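Raw my_file-v1.tsv, TSV, C-alpha atoms:
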chain	number	residue	atom	x	y	z
H	82	MET	CA	128.77	262.91	-73.15
H	83	THR	CA	128.70	261.27	-76.61
H	84	GLU	CA	127.10	257.84	-76.90
H	85	PHE	CA	127.65	255.42	-79.80
H	86	ARG	CA	124.84	252.95	-80.56
H	87	THR	CA	122.00	252.10	-82.93
H	88	VAL	CA	119.35	254.74	-83.43
H	89	ARG	CA	116.05	254.65	-81.52
H	90	ALA	CA	112.67	255.08	-83.16
H	91	ASP	CA	112.00	258.21	-81.10
H	92	GLU	CA	115.13	259.85	-82.59
H	93	ALA	CA	113.77	259.87	-86.13
H	94	ALA	CA	113.07	263.63	-86.11
H	95	SER	CA	116.64	264.44	-85.07
H	96	LEU	CA	118.03	261.97	-87.61
H	97	TYR	CA	115.91	263.33	-90.46
H	98	ALA	CA	116.84	266.90	-89.57
H	99	LEU	CA	120.52	265.96	-89.86
H	100	TRP	CA	119.95	264.37	-93.27
H	101	GLU	CA	117.92	267.33	-94.48
H	102	ARG	CA	120.75	269.66	-93.48
H	103	ALA	CA	123.42	267.44	-95.02
H	104	PHE	CA	121.74	266.44	-98.27
H	105	GLY	CA	118.46	268.31	-98.80
H	106	ALA	CA	117.52	265.38	-101.05
H	107	SER	CA	113.96	264.14	-101.36
H	108	HIS	CA	114.92	260.49	-101.85
H	109	VAL	CA	116.79	259.84	-98.58
H	110	VAL	CA	113.93	259.35	-96.14
H	111	PRO	CA	111.53	257.53	-98.53
H	112	LEU	CA	114.22	254.95	-99.33
H	113	TYR	CA	115.22	254.63	-95.69
H	114	GLU	CA	111.65	254.04	-94.54
H	115	GLN	CA	111.23	251.17	-97.02
H	116	ASP	CA	113.86	249.22	-95.06
H	117	GLU	CA	112.10	247.33	-92.28
H	118	GLY	CA	115.39	246.50	-90.53
H	119	ARG	CA	116.74	250.03	-90.69
H	120	LEU	CA	116.93	250.79	-86.95
H	121	ASP	CA	119.29	247.89	-86.23
H	122	ARG	CA	121.58	249.01	-89.07
H	123	THR	CA	121.65	252.74	-88.32
H	124	PHE	CA	124.61	253.63	-86.11
H	125	VAL	CA	124.66	257.04	-84.51
H	126	ALA	CA	126.72	259.25	-82.26
H	127	VAL	CA	124.35	261.14	-79.95
H	128	ASP	CA	124.48	263.49	-77.02
H	129	ALA	CA	121.89	265.53	-75.13
H	130	THR	CA	121.37	267.78	-78.18
H	131	GLY	CA	120.43	264.92	-80.53
H	132	VAL	CA	122.06	262.97	-83.33
H	133	LEU	CA	125.57	264.21	-84.09
H	134	ALA	CA	126.59	261.71	-86.79
H	135	VAL	CA	125.13	258.72	-88.57
H	136	VAL	CA	126.25	255.74	-90.67
H	137	TYR	CA	123.50	253.55	-92.13
H	138	TRP	CA	123.90	250.36	-94.13
H	139	LEU	CA	121.62	247.86	-95.81
H	140	PRO	CA	122.27	244.45	-97.39
H	141	ARG	CA	121.79	244.03	-101.13
H	142	GLN	CA	122.32	241.07	-103.46
H	143	VAL	CA	124.97	242.11	-105.98
H	144	ARG	CA	126.32	240.11	-108.92
H	145	ASP	CA	130.02	239.24	-108.84
H	146	ALA	CA	132.63	238.68	-111.56
H	147	ARG	CA	131.97	234.94	-111.77
H	148	SER	CA	128.26	235.00	-112.66
H	149	GLY	CA	127.31	234.57	-109.02
H	150	VAL	CA	125.56	236.74	-106.45
H	151	GLN	CA	127.02	237.96	-103.15
H	152	PRO	CA	125.45	239.76	-100.18
H	153	VAL	CA	126.97	243.23	-100.07
H	154	GLY	CA	126.79	245.80	-97.28
H	155	CYS	CA	125.80	249.13	-98.85
H	156	LEU	CA	126.61	252.32	-96.95
H	157	SER	CA	124.22	255.22	-97.30
H	158	SER	CA	123.34	258.63	-95.89
H	159	VAL	CA	126.54	259.11	-93.88
H	160	ALA	CA	126.46	262.54	-92.27
H	161	THR	CA	127.87	264.63	-89.43
H	162	ARG	CA	126.35	267.73	-87.89
H	163	PRO	CA	128.58	270.73	-88.71
H	164	ASP	CA	129.28	271.54	-85.05
H	165	ALA	CA	130.44	267.94	-84.45
H	166	ARG	CA	132.94	267.63	-87.29
H	167	GLY	CA	136.60	266.92	-86.68
H	168	ARG	CA	135.98	264.58	-83.74
H	169	GLY	CA	136.35	261.25	-85.55
H	170	LEU	CA	132.71	260.31	-85.06
H	171	VAL	CA	132.14	258.97	-88.56
H	172	ARG	CA	135.38	256.99	-88.52
H	173	ARG	CA	134.27	255.22	-85.35
H	174	LEU	CA	130.80	254.57	-86.76
H	175	LEU	CA	132.29	253.22	-89.99
H	176	ALA	CA	134.32	250.70	-88.00
H	177	THR	CA	131.17	249.61	-86.16
H	178	ALA	CA	129.27	249.28	-89.43
H	179	ALA	CA	132.08	247.22	-91.01
H	180	ASP	CA	131.99	244.82	-88.06
H	181	ALA	CA	128.21	244.54	-88.32
H	182	MET	CA	128.29	243.91	-92.07
H	183	THR	CA	130.93	241.20	-91.60
H	184	ALA	CA	128.93	239.55	-88.84
H	185	ALA	CA	125.88	239.59	-91.13
H	186	GLY	CA	127.80	237.67	-93.81
H	187	CYS	CA	128.40	240.48	-96.29
H	188	ALA	CA	131.19	239.64	-98.73
H	189	TRP	CA	132.22	243.26	-99.21
H	190	SER	CA	130.96	246.81	-98.80
H	191	LEU	CA	129.88	249.36	-101.41
H	192	LEU	CA	129.20	253.09	-101.33
H	193	PHE	CA	128.96	256.08	-103.65
H	194	THR	CA	130.21	259.49	-102.61
H	195	GLY	CA	131.51	262.82	-103.76
H	196	THR	CA	133.88	262.93	-100.77
H	197	PRO	CA	136.04	259.79	-101.01
H	198	GLY	CA	138.59	261.12	-98.52
H	199	VAL	CA	136.10	260.53	-95.70
H	200	TYR	CA	136.23	256.78	-96.30
H	201	ALA	CA	139.74	256.09	-97.61
H	202	GLY	CA	141.26	255.91	-94.13
H	203	SER	CA	138.68	253.31	-93.11
H	204	GLY	CA	139.50	250.81	-95.84
H	205	TRP	CA	137.26	251.79	-98.77
H	206	ARG	CA	138.96	252.24	-102.16
H	207	VAL	CA	137.75	254.26	-105.13
H	208	PHE	CA	136.77	252.71	-108.45
H	209	ASP	CA	135.83	254.29	-111.76
H	210	ARG	CA	132.30	254.26	-113.14
H	211	PRO	CA	131.38	254.15	-116.85
H	212	ARG	CA	130.34	257.45	-118.39
H	213	VAL	CA	130.41	258.94	-121.88
H	214	ASP	CA	129.63	262.62	-122.51
H	215	GLY	CA	128.65	263.89	-125.93
H	216	ARG	CA	126.51	265.95	-128.27
H	217	PHE	CA	123.37	264.17	-129.36
H	218	ALA	CA	123.31	263.05	-132.97
H	219	ALA	CA	120.67	264.25	-135.39
H	220	GLY	CA	117.68	261.98	-135.10
H	221	ALA	CA	117.42	259.45	-137.93
H	222	PRO	CA	114.27	257.59	-139.06
H	223	ALA	CA	113.62	254.34	-137.23
H	224	ASP	CA	114.44	251.06	-138.93
H	225	ALA	CA	111.49	249.26	-140.53
H	226	GLY	CA	109.58	247.30	-137.92
H	227	TRP	CA	111.02	249.19	-134.96
H	228	THR	CA	109.03	251.65	-132.84
H	229	ALA	CA	109.72	253.60	-129.64
H	230	GLU	CA	107.31	254.99	-127.08
H	231	PRO	CA	107.44	256.42	-123.56
H	232	VAL	CA	106.06	254.12	-120.87
H	233	GLY	CA	105.46	254.43	-117.15
H	234	LEU	CA	106.57	252.27	-114.29
H	235	GLY	CA	103.17	250.63	-114.32
H	236	ASP	CA	104.75	248.52	-117.08
H	237	TRP	CA	107.48	247.36	-114.72
H	238	PRO	CA	107.03	243.61	-115.43
H	239	VAL	CA	108.00	244.24	-119.07
H	240	LEU	CA	110.94	246.40	-118.01
H	241	ALA	CA	111.98	243.89	-115.35
H	242	ALA	CA	112.13	241.07	-117.89
H	243	LEU	CA	114.43	243.10	-120.13
H	244	HIS	CA	116.52	244.27	-117.16
H	245	ASP	CA	116.99	240.77	-115.75
H	246	ARG	CA	118.00	239.37	-119.12
H	247	TYR	CA	120.50	242.16	-119.80
H	248	ASP	CA	122.09	242.05	-116.34
H	249	ASP	CA	121.94	238.31	-115.70
H	250	ARG	CA	125.76	237.99	-115.68
H	251	ARG	CA	126.77	241.63	-115.34
H	252	PRO	CA	129.10	242.40	-112.42
H	253	LEU	CA	128.10	245.05	-109.87
H	254	THR	CA	124.42	245.02	-110.78
H	255	THR	CA	121.83	244.48	-108.06
H	256	VAL	CA	119.32	241.64	-108.19
H	257	ARG	CA	116.01	243.54	-108.24
H	258	SER	CA	112.89	242.13	-106.64
H	259	ALA	CA	109.31	242.99	-107.48
H	260	GLY	CA	109.34	245.10	-104.32
H	261	ASP	CA	112.28	247.08	-105.68
H	262	TRP	CA	110.43	247.82	-108.92
H	263	ILE	CA	107.34	248.91	-107.02
H	264	GLY	CA	109.03	250.77	-104.16
H	265	ARG	CA	112.62	251.79	-104.84
H	266	VAL	CA	112.73	252.33	-108.60
H	267	PRO	CA	109.93	254.97	-108.63
H	268	VAL	CA	111.85	257.04	-106.06
H	269	TRP	CA	114.72	257.40	-108.54
H	270	TYR	CA	112.96	257.33	-111.90
H	271	GLY	CA	110.10	259.76	-111.40
H	272	PRO	CA	109.92	263.05	-113.38
H	273	PRO	CA	111.97	264.49	-115.06
H	274	HIS	CA	112.97	260.94	-116.03
H	275	GLU	CA	111.33	259.26	-119.00
H	276	ILE	CA	111.45	255.58	-119.97
H	277	LEU	CA	111.66	254.91	-123.71
H	278	LEU	CA	110.61	251.38	-124.63
H	279	VAL	CA	111.64	250.07	-128.04
H	280	HIS	CA	109.71	247.32	-129.85
H	281	GLU	CA	110.52	245.20	-132.87
H	282	ARG	CA	107.23	244.38	-134.59
H	283	GLY	CA	105.39	244.68	-131.30
H	284	THR	CA	107.89	242.74	-129.15
H	285	PRO	CA	109.64	244.73	-126.37
H	286	MET	CA	113.35	244.66	-127.15
H	287	ALA	CA	115.05	247.45	-125.16
H	288	TYR	CA	114.55	250.44	-122.92
H	289	ALA	CA	116.43	253.53	-121.80
H	290	VAL	CA	115.78	255.70	-118.76
H	291	VAL	CA	116.66	259.34	-119.42
H	292	ASP	CA	116.73	262.31	-117.09
H	293	TRP	CA	115.81	265.01	-119.59
H	294	SER	CA	116.76	267.85	-117.25
H	295	ALA	CA	120.38	266.88	-117.91
H	296	GLY	CA	120.18	264.64	-120.98
H	297	ASP	CA	121.41	261.88	-118.72
H	298	VAL	CA	120.84	258.28	-119.89
H	299	VAL	CA	120.97	256.55	-116.50
H	300	GLU	CA	119.92	253.00	-117.41
H	301	VAL	CA	119.58	250.79	-120.48
H	302	ALA	CA	118.60	247.20	-121.13
H	303	LEU	CA	118.71	245.18	-124.34
H	304	ALA	CA	117.05	241.88	-125.20
H	305	GLY	CA	119.67	241.32	-127.89
H	306	ASP	CA	122.63	242.99	-129.59
H	307	GLY	CA	120.47	244.12	-132.49
H	308	ALA	CA	118.40	246.35	-130.22
H	309	ALA	CA	121.29	248.70	-129.38
H	310	ALA	CA	121.10	250.75	-132.57
H	311	PRO	CA	117.30	251.28	-132.54
H	312	LEU	CA	117.42	252.22	-128.85
H	313	LEU	CA	120.22	254.77	-129.09
H	314	ARG	CA	118.72	256.20	-132.29
H	315	ALA	CA	115.40	256.67	-130.47
H	316	VAL	CA	117.06	258.45	-127.54
H	317	ALA	CA	118.91	260.82	-129.89
H	318	ALA	CA	115.72	261.59	-131.83
H	319	GLU	CA	113.84	262.37	-128.63
H	320	ALA	CA	116.70	264.57	-127.39
H	321	ARG	CA	116.67	266.60	-130.58
H	322	ALA	CA	112.87	266.90	-130.48
H	323	ARG	CA	113.15	268.29	-126.96
H	324	GLY	CA	115.97	270.67	-127.87
H	325	VAL	CA	118.45	268.86	-125.64
H	326	ARG	CA	121.81	269.18	-127.38
H	327	SER	CA	124.22	267.37	-125.06
H	328	GLY	CA	124.10	264.64	-122.48
H	329	ARG	CA	125.78	261.54	-121.13
H	330	LEU	CA	125.45	257.79	-121.16
H	331	ARG	CA	126.04	255.98	-117.87
H	332	ALA	CA	126.45	252.45	-119.18
H	333	PRO	CA	129.30	250.11	-120.06
H	334	LEU	CA	130.39	250.20	-123.68
H	335	ASP	CA	129.63	246.60	-124.50
H	336	PRO	CA	130.43	245.86	-128.17
H	337	PRO	CA	126.86	246.45	-129.49
H	338	VAL	CA	126.53	249.70	-127.52
H	339	ARG	CA	129.97	250.87	-128.63
H	340	ALA	CA	129.14	250.10	-132.27
H	341	ALA	CA	125.86	252.05	-132.05
H	342	LEU	CA	127.29	255.02	-130.14
H	343	PRO	CA	127.49	257.25	-133.28
H	344	LEU	CA	123.70	257.00	-133.47
H	345	LEU	CA	123.46	258.56	-130.00
H	346	PHE	CA	126.29	261.12	-130.08
H	347	GLU	CA	127.82	262.92	-133.03
H	348	GLU	CA	130.91	263.46	-130.89
H	349	TRP	CA	131.75	262.07	-127.48
H	350	GLU	CA	134.37	261.67	-124.78
H	351	ARG	CA	134.90	258.95	-122.18
H	352	ARG	CA	135.23	260.57	-118.76
H	353	GLY	CA	136.23	259.09	-115.45
H	354	GLU	CA	133.80	259.38	-112.57
H	355	ARG	CA	135.54	258.08	-109.48
H	356	THR	CA	132.66	258.20	-107.03
H	357	GLY	CA	132.29	254.50	-106.28
H	358	MET	CA	134.13	252.95	-103.33
H	359	ALA	CA	134.49	249.34	-102.18
H	360	ARG	CA	135.94	247.60	-99.12
H	361	PRO	CA	136.62	243.86	-98.65
H	362	LEU	CA	134.91	242.15	-95.72
H	363	LEU	CA	134.83	238.37	-96.16
H	364	LEU	CA	136.43	238.40	-99.63
H	365	GLU	CA	139.99	239.26	-100.54
H	366	GLU	CA	140.79	242.65	-102.04
H	367	ALA	CA	141.56	241.14	-105.47
H	368	GLU	CA	138.14	239.48	-105.62
H	369	VAL	CA	136.38	242.77	-104.90
H	370	ARG	CA	138.43	244.68	-107.46
H	371	ALA	CA	137.55	242.03	-110.05
H	372	VAL	CA	133.90	243.00	-109.61
H	373	VAL	CA	134.11	246.79	-109.53
H	374	GLU	CA	136.79	247.07	-112.24
H	375	HIS	CA	135.24	244.59	-114.65
H	376	PRO	CA	134.71	246.20	-118.09
H	377	ARG	CA	131.04	245.14	-118.10
H	378	ALA	CA	130.35	246.33	-114.55
H	379	VAL	CA	127.73	248.96	-113.77
H	380	HIS	CA	125.57	249.99	-110.84
H	381	TRP	CA	122.37	251.57	-112.14
H	382	THR	CA	120.93	254.71	-110.55
H	383	ALA	CA	117.72	253.02	-109.37
H	384	ASP	CA	119.76	250.62	-107.25
H	385	TYR	CA	121.38	253.36	-105.17
H	386	PHE	CA	120.70	253.26	-101.49

Re-express the file's structure as structure tokens.
Amino acid sequence: MTEFRTVRADEAASLYALWERAFGASHVVPLYEQDEGRLDRTFVAVDATGVLAVVYWLPRQVRDARSGVQPVGCLSSVATRPDARGRGLVRRLLATAADAMTAAGCAWSLLFTGTPGVYAGSGWRVFDRPRVDGRFAAGAPADAGWTAEPVGLGDWPVLAALHDRYDDRRPLTTVRSAGDWIGRVPVWYGPPHEILLVHERGTPMAYAVVDWSAGDVVEVALAGDGAAAPLLRAVAAEARARGVRSGRLRAPLDPPVRAALPLLFEEWERRGERTGMARPLLLEEAEVRAVVEHPRAVHWTADYF
């Protein structure tokens, strides 16, 4: 007989085995175990053989389209054991999670997935995410007074100050705490990621986080519009030095970034990446779409759940 409920602490081994089989990703369990309230927000279908399916959610503070912040219910690590598929287990768990998120005061729900069809019938709708693919430009000499250097996450207070300033009014970004910088960000931005910090006459002005295994610029932050060109020039120079010929930028093309894009890529193409999904809970659909479809909206990799 299948039972639907929250997970028990003594079922962790069965739960982790399911996630290992479904994802094989090293980040899932470390992120999950940082959430002290995880057991009450992990809904499972179980029988005598163990966990058959799981839907987990956690609350995050996400900026809206009106310069405010809303509590958002973020779905993560949804999985079904292969021998239990086709029985509607996840659909039932999604409905339970939506009720729980609403009861907890979440304005809407957010998830990222490569299989949007799993969630479309339960009320989540796809939205596009910003991405530009291109060939890295030839590295040019830095402007006078500007320098770039790799830094580690031990410098997170400097990075956090730049991040908070850049994202202060940016829709879909998560409000990061010190705990996030110390606990969650390192899970996502460890090797092969590198953080390039750009200074103007010794003052930190911008950074970029790049996954060099794919030439993937997964996060940027600028202290001012004038920092866009030195930052993108520094990324291109480092790419060429490493022999990385092509890559992508996962950031909105704000005017200063758009103007400096030729310093990053000699040729490029805007590509749709429809892996984000959102569902209204306490807000109306139009209010949610205003957030996720805003031209300045982005959800950085380190804020995944």

Taking (106.8, 253.4, -129.2) in the file's own coordinates, collect the residues within 8 Å, counting only C-alpha atoms, and hand them back as a VMD selection string.
chain H and resid 228 to 231 277 to 280

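Among H:Ala103, H:Ala219, H:Ile263, H:Val379, the residue with the shortest atom-to-atom distance to H:Leu313, counting all atoms listed in the file, is H:Ala219.
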
So which residues fall inside 12 Å of (103.6, 250.0, -119.5) if we count only C-alpha atoms? Mind giving them as a list in words?
Glu230, Pro231, Val232, Gly233, Leu234, Gly235, Asp236, Trp237, Pro238, Val239, Leu240, Ala241, Ile276, Leu277, Leu278, Val279, Pro285 and Tyr288 of chain H

Neighbours of H:Phe193 within 8 Å (all atoms listed in the file; same-chain residues fewer than 2 positions away dropped), as a PDB file with C-alpha atoms, keeping the file's coordinate frame?
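Result written to around.pdb:
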ATOM      1  CA  SER H 157     124.220 255.220 -97.300  1.00  0.00           C
ATOM      2  CA  LEU H 191     129.880 249.360-101.410  1.00  0.00           C
ATOM      3  CA  GLY H 195     131.510 262.820-103.760  1.00  0.00           C
ATOM      4  CA  THR H 356     132.660 258.200-107.030  1.00  0.00           C
ATOM      5  CA  GLY H 357     132.290 254.500-106.280  1.00  0.00           C
ATOM      6  CA  MET H 358     134.130 252.950-103.330  1.00  0.00           C
TER       7      MET H 358
END

Find the distance between atom CA of H:Leu133 and atom CA of H:Ala165 and write it in Å to one decimal.
6.1 Å

Between atom CA of H:Val256 and atom CA of H:Val150, what distance in Å does the model show, to one decimal?
8.1 Å

Find the residues near stretch 183-186 of chain H: any atom within 9 Å, counting all atoms listed in the file, skip ones fewer than 5 places away on the same chain, and give them as a ChimeraX atom specification.
/H:140,152-154,178,362-363

Nearby residues (only C-alpha atoms) at most 9 Å from H:Ala126, same-chain spacing under 4 positions excluded, as a list in words
Thr83, Glu84, Phe85, Arg86, Thr87, Val88, Gly131, Val132, Leu133, Ala134, Val135, Leu170, Val171 and Leu174 of chain H

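Counting all atoms listed in the file, H:Arg102 has the following residues at most 10 Å away, ignoring those fewer than 2 positions along the same chain: H:Tyr97, H:Ala98, H:Leu99, H:Trp100, H:Phe104, H:Gly105, H:Ala106, H:Ala160, H:Thr161, H:Arg162, H:Pro163.
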
Skip H:Val325 itself and residues of its chain fewer than 6 positions away, then list as a PyMOL selection string all residues within 8 Å of it, counting only C-alpha atoms.
chain H and resi 217+293+296

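The interatomic distance for the pair atom CA of H:Gly264 and atom CA of H:Thr382 works out to 14.1 Å.
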
Considering only C-alpha atoms, tabulate each residue of stretch 113-181 of chain H that lies at most 12 Å from stretch 364-369 of chain H along with its nearest interatomic pair and the corresponding distance in Å to one decimal; arrange the rows by chain and ascending residue number and present them as a Markdown table.
| residue | atom | partner | partner_atom | distance |
| --- | --- | --- | --- | --- |
| H:Val143 | CA | H:Val369 | CA | 11.5 |
| H:Arg144 | CA | H:Val369 | CA | 11.2 |
| H:Asp145 | CA | H:Val369 | CA | 8.3 |
| H:Ala146 | CA | H:Glu368 | CA | 8.1 |
| H:Arg147 | CA | H:Glu368 | CA | 9.8 |
| H:Gln151 | CA | H:Leu364 | CA | 10.1 |
| H:Pro152 | CA | H:Leu364 | CA | 11.1 |
| H:Val153 | CA | H:Val369 | CA | 10.6 |

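With all atoms listed in the file as the atoms that count, the residue of H:Arg265, H:Arg377, H:Arg210, H:Arg326 with the shortest distance to H:Val109 is H:Arg265.
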
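Of the listed residues (H:Val199, H:Ala318, H:Ala302, H:Leu112), H:Ala302 comes nearest to H:Arg251; the distances count all atoms listed in the file.
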